[in-house]
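Note sheet for the following structure.
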Amino acid sequence: MRVYSGGFFAAWVMAWLPVNWWQWGLLLFVIGITLAMLLAKQCQSVLYAGLLSMSILVVALGFYIYAQSQLQHQLPQYLHKQLVLVSGCYQVVSQNPGSLRITLSHPRMLVDGIGTASRTELQARRHYAFFGSHIQLNVYDQKLIAALVANPLGALTAQVVLSKPRNYHNPGAVDFVAWGQRQGQIARGYIKQSLVVWRGCQVPVISWFERQRYQFRIRLKEISAAGVTPNVDIAKAIWAALISGYNKDLKSDHWQTLHRTGTTHLLVISGLHIGFVAMLFMLIGRHLMGVLGLPYRRGLSIWLGWASAVTYAMFSGWGLPAQRAVLMLSALMLINRFGLGWTVWQRLLLAWGLTLLVNPTSLYSPGFWYSYVAVANLAMLFKHRQDLTLKYMIRQALLSQLALLALLSPLIGATSGGISLLGPLLNLLLIPLFGVLVIPTLFFLSLLLFWLDSAQVIFTWVLHALAWLWQCLDWLGSWPCALLPVGHWPPAVWCIWALLGLLVLLLRYYAVPMIMTVYLVIGQPTKQQQSLTVFDVGQGLALWLQTNDKHLLYDLGDRFPSGFNLYQAVVQPSLGRVGVKQLERVYISHWDRDHSGGLTILAKNSAYLPVGTWWLPSEPRKKLQDHLPASAKIQHCHSSKWQTFGTVKLRHFNLWAYGKRGNNASCVLQIELLGQRILVTGDIEWEAERKLIDLYGDELRSDIMIAPHHGSRTSSSEVFLQRVAPRIILISAGYGNRFGHPHKEVLTRYWQHGLHWYNTAVHGQIRMRFDEGRLVVENTYN
């Protein structure tokens with residue numbers, strides 16, 4: 001069993017290695033020969049050794065084929081930005097002003113001749129199926145939105161324009177493509193024209209659960225919440241997340257609070273919630289069977305708990321964490337029901353293997369490793385003990401938090417860039433509270449919600465309690481010391497921490513390793529740097545100037561109607577990884593959304609990341625300015641003389657006073673750092689370029705220039721390039737953007753002037769390090 005388990009693990013890892021098929025085959029052949037020789041020596045049977053090694057190789061080959069098929073299970077490149085006919089089962093996900101978002105499951109596609117074929121011809125043609133996957137679609141047609149809202153579940157045929165998922169290329173950023181693959185999402189797009197809406201879907205059981213989930217959310221929204229404001233929305237969002245797995249109502253600042261308090265896992269349905277439900281119904285079933293005097297109480301109660309857990313997991317949306325939890329619970333609860341005397345480690349190994357078989361991309365999911373490490377930790381702490389007294393369980397709960405801190409912190413810190421200092425204590429309190437009180441209460445009240453009037457006062461009381469609980473979490477998360485930024489720590493720290501964590505668990509020396517861990521981690525110095533970073537934020541701009549311990553942001557990227565925000569997805573994690581605790585200055589060049597999109601998020605997070613001074617455009621925009629805190633220090637960009645900012649000098653150029661508006665009123669920033677001058681131009685065009693030349697002439701001369709207006713055709717004029725005379729041009733533009741930035745005429749001018757240019761759409765994030773006497777340009781691909 002151990003040999004086969006080791007072979008299973010090695011085969012699975014090899015299946016995902018980025019090697020050619022012939023290299024993989026040669027590696028398998030060498031491993032097979034070596035394994036056969038070792039087994040022949042131990043088993044004294046060449047035939048047995050050969051059969052065992054051959055079975056491992058066959059399993060490995062199957063894993064390899066399966067893994068490769070999963071990696072290729074995505075939208076082909078030739079369908080990118082193309083009009084296709086798609087049919088499948090839809091579900092309304094969220095609604096925003098002017099748009100609606102739906103997911104289309106098990107889509108079937110038709111590509112060729114859509115515009116000329118009749119509906120009869122389309123139905124007769126062959127479709128390309130992507131079973132087990134889904135597409136995310138946006139709807140903008142108001143009539144179709146009304147029809148879908150009235151029928152939130154069903155089947156749909158529509159003409160859509162699809163896009164392949166693509167990452168923003170910033171080192172250490174979220175891998176959106178891998179995340180989408182793990183979720184089964186193969187593409188995104190929008191509906192161009194709907195053809196027909198059916199009733200019902202291909203999977204009736206799942207459709208029934210989806211309908212009940214939707215009805216539950218509707219009933220939940222109808223609950224009267226007088227006196228619960230302003231936290232009524234988050235109270236309902238917590239209830240929906242804990243019972244139905246619907247967390248779309250949780251906003252970015254809510255997730256930030258959960259991250260800072262280390263309680264994110266409490267609102268993502270996983271093994272914690274499903275295990276509590278299984279235990280609850282096991283206890284209820286055993287008690288009722290004892291009252292009724294039924295035989296086989298233990299076995300029947302186990303089956304009842306397992307069935308309740310599966311039902312709960314399906315009602316919660318059957319997400320990846322729920323799937324993992326059900327597989328793990330099935331292995332732990334049911335194996336011995338079939339007469340197999342397996343140990344807990346063998347059952348965990350079985351659950352681990354089944355999880356990867358069902359969803360192989362879980363191997364790259366941090367949550368996958370979190371869950372199995374946590375369960376393994378609990379298994380080691382509670383093993384070989386039958387008399388689970390209250391004193392013993394309290395002691396083991398305390399020790400388990402210490403062990404989890406040592407084991408999971410390296411994983412959490414390395415993947416998220418921050419470790420909650422409040423997490424261990426809060427989880428020690430909240431995990432029992434949620435298991436014993438919150439989840440059972442919400443579970444039974446949710447059942448009553450389908451039969452009782454939603455105006456019943458008991459539902460309002462529950463919302464009061466949830467709102468109060470969130471208010472406490474939000475207050476704790478606002479503490480400056482709640483989150484420890486660790487993204488800048490070297491990998492050696494995580495290795496040492498992980499090894500000490502194993503010592504904590506295996507040798508039971510809880511005090512000394514923890515003290516050594518804290519000493520090693522806290523003792524890591526922050527590296528002082530002087531650098532300029534242009535983030536890859538698509539069709540927008542976000543620039544970060546770091547000069548030792550002072551930090552400046554110029555523009556904050558784009559935001560989308562769906563709520564996706566480039567500042568939050570790209571800039572904020574990068575700042576957290578290097579331990580930035582304060583921004584001395586934040587500039588908004590002008591109010592266009594692709595430059596000011598992150599303002600609302602940064603303003604909301606000012607308690608976590610304070611801003612010294614906001615430098616805003618001279619043109620007023622009250623709607624956006626109202627998002628800033630009342631205590632914010634605000635300056636408006638105007639032309640100025642040289643100012644000192646840490647070890648650098650900077651000054652502003654602004655043409656608002658000269659009658660320029662919009663793009664041409666962008667706040668232009670000139671920076672001098674270690675003898676190098678950098679000109680940050682915003683979105684100015686020819687008109688503003690000529691005016692700047694008339695006003696400032698040779699003062700504009702700089703070594704590095706951020707391309708005006710993303711390299712548009714109406715910018716980077718010949719005379720402006722001659723007067724600024726840069727050596728390096730940095731372009732911030734979106735990959736395949738609809739504006740055609742940077743324009744080929746502008747690139748031609750750059751080449752004619754002998755300029756070196758870098759484009760975020762091609763090179764990803766661009767980072768310039770200013771070392772003594774030299775300039776180093778780095779991008780994502782070097």
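Chain labels run A, B, ... following the order of the structure tokens; each chain numbers its residues from 1, and ligands are numbered from 1 in the order shown.
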
Write out as an mmCIF file with N, CA, C and O atoms, in the first residue's frame the residues lying within 6 Å of segment 421-433 of chain A, counting only C-alpha atoms and excluding same-chain residues fewer than 3 positions away.
```cif
data_model
loop_
_atom_site.group_PDB
_atom_site.id
_atom_site.type_symbol
_atom_site.label_atom_id
_atom_site.label_comp_id
_atom_site.auth_asym_id
_atom_site.auth_seq_id
_atom_site.Cartn_x
_atom_site.Cartn_y
_atom_site.Cartn_z
ATOM 1 N N THR A 261 -8.582 39.739 9.549
ATOM 2 C CA THR A 261 -8.895 39.039 10.801
ATOM 3 C C THR A 261 -8.668 37.527 10.703
ATOM 4 O O THR A 261 -8.903 36.816 11.684
ATOM 5 N N GLY A 262 -8.239 37.039 9.532
ATOM 6 C CA GLY A 262 -7.957 35.612 9.387
ATOM 7 C C GLY A 262 -9.188 34.734 9.439
ATOM 8 O O GLY A 262 -9.100 33.562 9.837
ATOM 9 N N GLN A 401 -4.392 25.205 17.334
ATOM 10 C CA GLN A 401 -4.210 26.541 16.773
ATOM 11 C C GLN A 401 -2.735 26.894 16.656
ATOM 12 O O GLN A 401 -2.302 27.507 15.674
ATOM 13 N N VAL A 436 -21.265 25.313 16.882
ATOM 14 C CA VAL A 436 -22.277 24.952 17.886
ATOM 15 C C VAL A 436 -23.523 25.812 17.776
ATOM 16 O O VAL A 436 -24.639 25.339 18.014
ATOM 17 N N LEU A 437 -23.378 27.072 17.380
ATOM 18 C CA LEU A 437 -24.508 27.996 17.453
ATOM 19 C C LEU A 437 -24.906 28.575 16.096
ATOM 20 O O LEU A 437 -26.058 28.442 15.669
ATOM 21 N N ALA A 482 -3.446 44.441 12.829
ATOM 22 C CA ALA A 482 -4.207 43.215 12.565
ATOM 23 C C ALA A 482 -3.525 42.325 11.547
ATOM 24 O O ALA A 482 -3.533 41.099 11.662
ATOM 25 N N LEU A 483 -2.912 42.924 10.539
ATOM 26 C CA LEU A 483 -2.300 42.155 9.448
ATOM 27 C C LEU A 483 -0.816 42.462 9.381
ATOM 28 O O LEU A 483 -0.417 43.627 9.383
#
```

For Tyr658 of chain A: contacts at 12 Å, only C-alpha atoms, fewer than 2 positions along chain excluded, given as a list in words
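Here the qualifying residues turn out to be Ser618, His638, Ser639, Phe653, Asn654, Leu655, Trp656, Lys660, Arg661, Asn664, Ala665, Glu687, Ala688, Lys691, Leu692, Asp694 and Leu695 of chain A.
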
Would you return as a PyMOL selection string the members of segment 151-397 of chain A that DSSP assigns to strand (DSSP E or B) on this structure's backbone?
chain A and resi 153-163+185-198

Please produce an output containing N, CA, C and O atoms for each residue in the selection, written as an mmCIF file, in the first residue's frame.
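Ended up saving to again39.cif:
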```cif
data_model
loop_
_atom_site.group_PDB
_atom_site.id
_atom_site.type_symbol
_atom_site.label_atom_id
_atom_site.label_comp_id
_atom_site.auth_asym_id
_atom_site.auth_seq_id
_atom_site.Cartn_x
_atom_site.Cartn_y
_atom_site.Cartn_z
ATOM 1 N N LEU A 153 -33.493 30.883 -13.932
ATOM 2 C CA LEU A 153 -32.919 29.587 -14.246
ATOM 3 C C LEU A 153 -33.599 29.035 -15.488
ATOM 4 O O LEU A 153 -34.813 29.176 -15.644
ATOM 5 N N GLY A 154 -32.811 28.433 -16.360
ATOM 6 C CA GLY A 154 -33.397 27.856 -17.559
ATOM 7 C C GLY A 154 -32.326 27.534 -18.568
ATOM 8 O O GLY A 154 -31.162 27.333 -18.217
ATOM 9 N N ALA A 155 -32.720 27.470 -19.825
ATOM 10 C CA ALA A 155 -31.776 27.181 -20.897
ATOM 11 C C ALA A 155 -31.868 28.280 -21.933
ATOM 12 O O ALA A 155 -32.932 28.870 -22.156
ATOM 13 N N LEU A 156 -30.737 28.562 -22.581
ATOM 14 C CA LEU A 156 -30.645 29.732 -23.438
ATOM 15 C C LEU A 156 -29.844 29.404 -24.683
ATOM 16 O O LEU A 156 -28.844 28.680 -24.622
ATOM 17 N N THR A 157 -30.276 29.915 -25.806
ATOM 18 C CA THR A 157 -29.495 29.894 -27.043
ATOM 19 C C THR A 157 -29.283 31.339 -27.464
ATOM 20 O O THR A 157 -30.250 32.107 -27.527
ATOM 21 N N ALA A 158 -28.057 31.703 -27.756
ATOM 22 C CA ALA A 158 -27.772 33.107 -28.051
ATOM 23 C C ALA A 158 -26.529 33.224 -28.910
ATOM 24 O O ALA A 158 -25.666 32.341 -28.913
ATOM 25 N N GLN A 159 -26.456 34.336 -29.644
ATOM 26 C CA GLN A 159 -25.231 34.711 -30.338
ATOM 27 C C GLN A 159 -24.393 35.539 -29.376
ATOM 28 O O GLN A 159 -24.870 36.543 -28.840
ATOM 29 N N VAL A 160 -23.165 35.125 -29.177
ATOM 30 C CA VAL A 160 -22.309 35.788 -28.194
ATOM 31 C C VAL A 160 -20.937 36.045 -28.800
ATOM 32 O O VAL A 160 -20.521 35.373 -29.753
ATOM 33 N N VAL A 161 -20.244 37.011 -28.233
ATOM 34 C CA VAL A 161 -18.842 37.272 -28.553
ATOM 35 C C VAL A 161 -18.028 36.835 -27.343
ATOM 36 O O VAL A 161 -18.238 37.335 -26.232
ATOM 37 N N LEU A 162 -17.116 35.885 -27.554
ATOM 38 C CA LEU A 162 -16.368 35.284 -26.461
ATOM 39 C C LEU A 162 -14.926 35.759 -26.456
ATOM 40 O O LEU A 162 -14.359 36.095 -27.503
ATOM 41 N N SER A 163 -14.340 35.770 -25.273
ATOM 42 C CA SER A 163 -12.925 36.122 -25.095
ATOM 43 C C SER A 163 -12.261 35.067 -24.233
ATOM 44 O O SER A 163 -12.841 34.622 -23.239
ATOM 45 N N GLN A 185 -14.297 27.562 -15.728
ATOM 46 C CA GLN A 185 -14.690 28.649 -16.637
ATOM 47 C C GLN A 185 -13.756 28.658 -17.841
ATOM 48 O O GLN A 185 -12.544 28.785 -17.699
ATOM 49 N N ILE A 186 -14.317 28.521 -19.036
ATOM 50 C CA ILE A 186 -13.488 28.437 -20.238
ATOM 51 C C ILE A 186 -13.439 29.753 -21.000
ATOM 52 O O ILE A 186 -12.553 29.939 -21.843
ATOM 53 N N ALA A 187 -14.367 30.661 -20.759
ATOM 54 C CA ALA A 187 -14.385 31.916 -21.511
ATOM 55 C C ALA A 187 -15.326 32.905 -20.839
ATOM 56 O O ALA A 187 -16.130 32.548 -19.979
ATOM 57 N N ARG A 188 -15.199 34.163 -21.268
ATOM 58 C CA ARG A 188 -16.120 35.215 -20.872
ATOM 59 C C ARG A 188 -16.593 35.916 -22.131
ATOM 60 O O ARG A 188 -15.969 35.812 -23.187
ATOM 61 N N GLY A 189 -17.691 36.635 -22.042
ATOM 62 C CA GLY A 189 -18.172 37.337 -23.217
ATOM 63 C C GLY A 189 -19.449 38.089 -22.936
ATOM 64 O O GLY A 189 -19.834 38.298 -21.781
ATOM 65 N N TYR A 190 -20.116 38.486 -24.001
ATOM 66 C CA TYR A 190 -21.388 39.196 -23.852
ATOM 67 C C TYR A 190 -22.353 38.713 -24.928
ATOM 68 O O TYR A 190 -21.952 38.234 -25.996
ATOM 69 N N ILE A 191 -23.633 38.798 -24.623
ATOM 70 C CA ILE A 191 -24.667 38.341 -25.539
ATOM 71 C C ILE A 191 -24.959 39.436 -26.565
ATOM 72 O O ILE A 191 -25.266 40.574 -26.210
ATOM 73 N N LYS A 192 -24.837 39.066 -27.833
ATOM 74 C CA LYS A 192 -25.134 40.009 -28.904
ATOM 75 C C LYS A 192 -26.602 39.940 -29.308
ATOM 76 O O LYS A 192 -27.242 40.945 -29.565
ATOM 77 N N GLN A 193 -27.158 38.713 -29.355
ATOM 78 C CA GLN A 193 -28.566 38.548 -29.696
ATOM 79 C C GLN A 193 -29.046 37.213 -29.156
ATOM 80 O O GLN A 193 -28.411 36.188 -29.371
ATOM 81 N N SER A 194 -30.169 37.222 -28.441
ATOM 82 C CA SER A 194 -30.741 35.974 -27.948
ATOM 83 C C SER A 194 -31.742 35.451 -28.963
ATOM 84 O O SER A 194 -32.439 36.226 -29.627
ATOM 85 N N LEU A 195 -31.800 34.131 -29.089
ATOM 86 C CA LEU A 195 -32.689 33.512 -30.075
ATOM 87 C C LEU A 195 -33.909 32.877 -29.431
ATOM 88 O O LEU A 195 -35.027 33.049 -29.875
ATOM 89 N N VAL A 196 -33.697 32.101 -28.368
ATOM 90 C CA VAL A 196 -34.807 31.391 -27.762
ATOM 91 C C VAL A 196 -34.469 31.097 -26.314
ATOM 92 O O VAL A 196 -33.308 30.898 -25.966
ATOM 93 N N VAL A 197 -35.448 31.099 -25.441
ATOM 94 C CA VAL A 197 -35.287 30.709 -24.040
ATOM 95 C C VAL A 197 -36.165 29.495 -23.792
ATOM 96 O O VAL A 197 -37.355 29.504 -24.085
ATOM 97 N N TRP A 198 -35.547 28.411 -23.273
ATOM 98 C CA TRP A 198 -36.301 27.199 -22.963
ATOM 99 C C TRP A 198 -36.667 27.179 -21.484
ATOM 100 O O TRP A 198 -36.183 27.992 -20.708
#
```

Residues within 10 Å of segment 562-569 of chain A, please, as number ranges by chain. Count only C-alpha atoms; anything in the same chain fewer than 4 positions from it doesn't count.
A: 94-97, 99-101, 138, 168, 173-174, 176, 251-253, 535-538, 540-542, 555-558, 573-574, 594-602

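The residue that comes closest to Ile419 of chain A, out of A:Leu532, A:Cys481, A:Ala331, A:Val611 and on the basis of only C-alpha atoms, is A:Cys481.
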
Using only C-alpha atoms, which residues sit within 6 Å of Gly682 of chain A once same-chain residues fewer than 4 positions away are excluded, as JSON, numbers by chain?
{"A": [589, 666, 708]}

Export of prior selection with N, CA and C atoms as an mmCIF file, in the first residue's frame:
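Printed below is out_18.cif as written:
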```cif
data_model
loop_
_atom_site.group_PDB
_atom_site.id
_atom_site.type_symbol
_atom_site.label_atom_id
_atom_site.label_comp_id
_atom_site.auth_asym_id
_atom_site.auth_seq_id
_atom_site.Cartn_x
_atom_site.Cartn_y
_atom_site.Cartn_z
ATOM 1 N N SER A 589 -4.191 61.782 -12.288
ATOM 2 C CA SER A 589 -3.825 62.702 -13.366
ATOM 3 C C SER A 589 -5.050 63.414 -13.923
ATOM 4 N N SER A 666 -4.412 66.872 -17.923
ATOM 5 C CA SER A 666 -3.768 65.879 -17.056
ATOM 6 C C SER A 666 -2.636 66.509 -16.265
ATOM 7 N N PRO A 708 2.578 59.452 -23.681
ATOM 8 C CA PRO A 708 1.318 60.184 -23.513
ATOM 9 C C PRO A 708 0.142 59.402 -24.098
#
```

Applying 9 Å and only C-alpha atoms, which residues near Arg324 of chain A remain after dropping the ones on its own chain fewer than 3 positions away? List them as a PyMOL selection string.
chain A and resi 270-271+319-321+327-329+351-352+354-355+368+371

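Neighbouring residues of Ile678 of chain A at 8 Å or closer, counting only C-alpha atoms and skipping chain neighbours under 2 positions away, are Gln670, Ile671, Glu672, Gln676, Val680, Ser702, Asp703, Ile704, Met705 and Ile706 of chain A.
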
Using the chain letters and numbers from this document, which residues of segment 181-373 of chain A does DSSP assign to alpha helix (DSSP H), as a PyMOL selection string?
chain A and resi 181-183+204-221+232-244+252-261+271-292+297-315+320-334+344-358+366-373

Atomic separation - atom CA of Pro620 of chain A relative to atom CA of Gln635 of chain A, Å:
11.8 Å

Expressed in Å to a single decimal, how great is the separation between atom CA of Asp698 of chain A and atom CA of Arg677 of chain A?
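Those two atoms sit 12.6 Å apart.
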
Do you know which residues are at most 10 Å from segment 709-716 of chain A counting only C-alpha atoms, after dropping those on the same chain fewer than 2 positions away, and could you put them as a ChimeraX atom specification?
/A:539-541,663-664,666,681-689,706-707,718-722,729-734,739-747,749-750,759
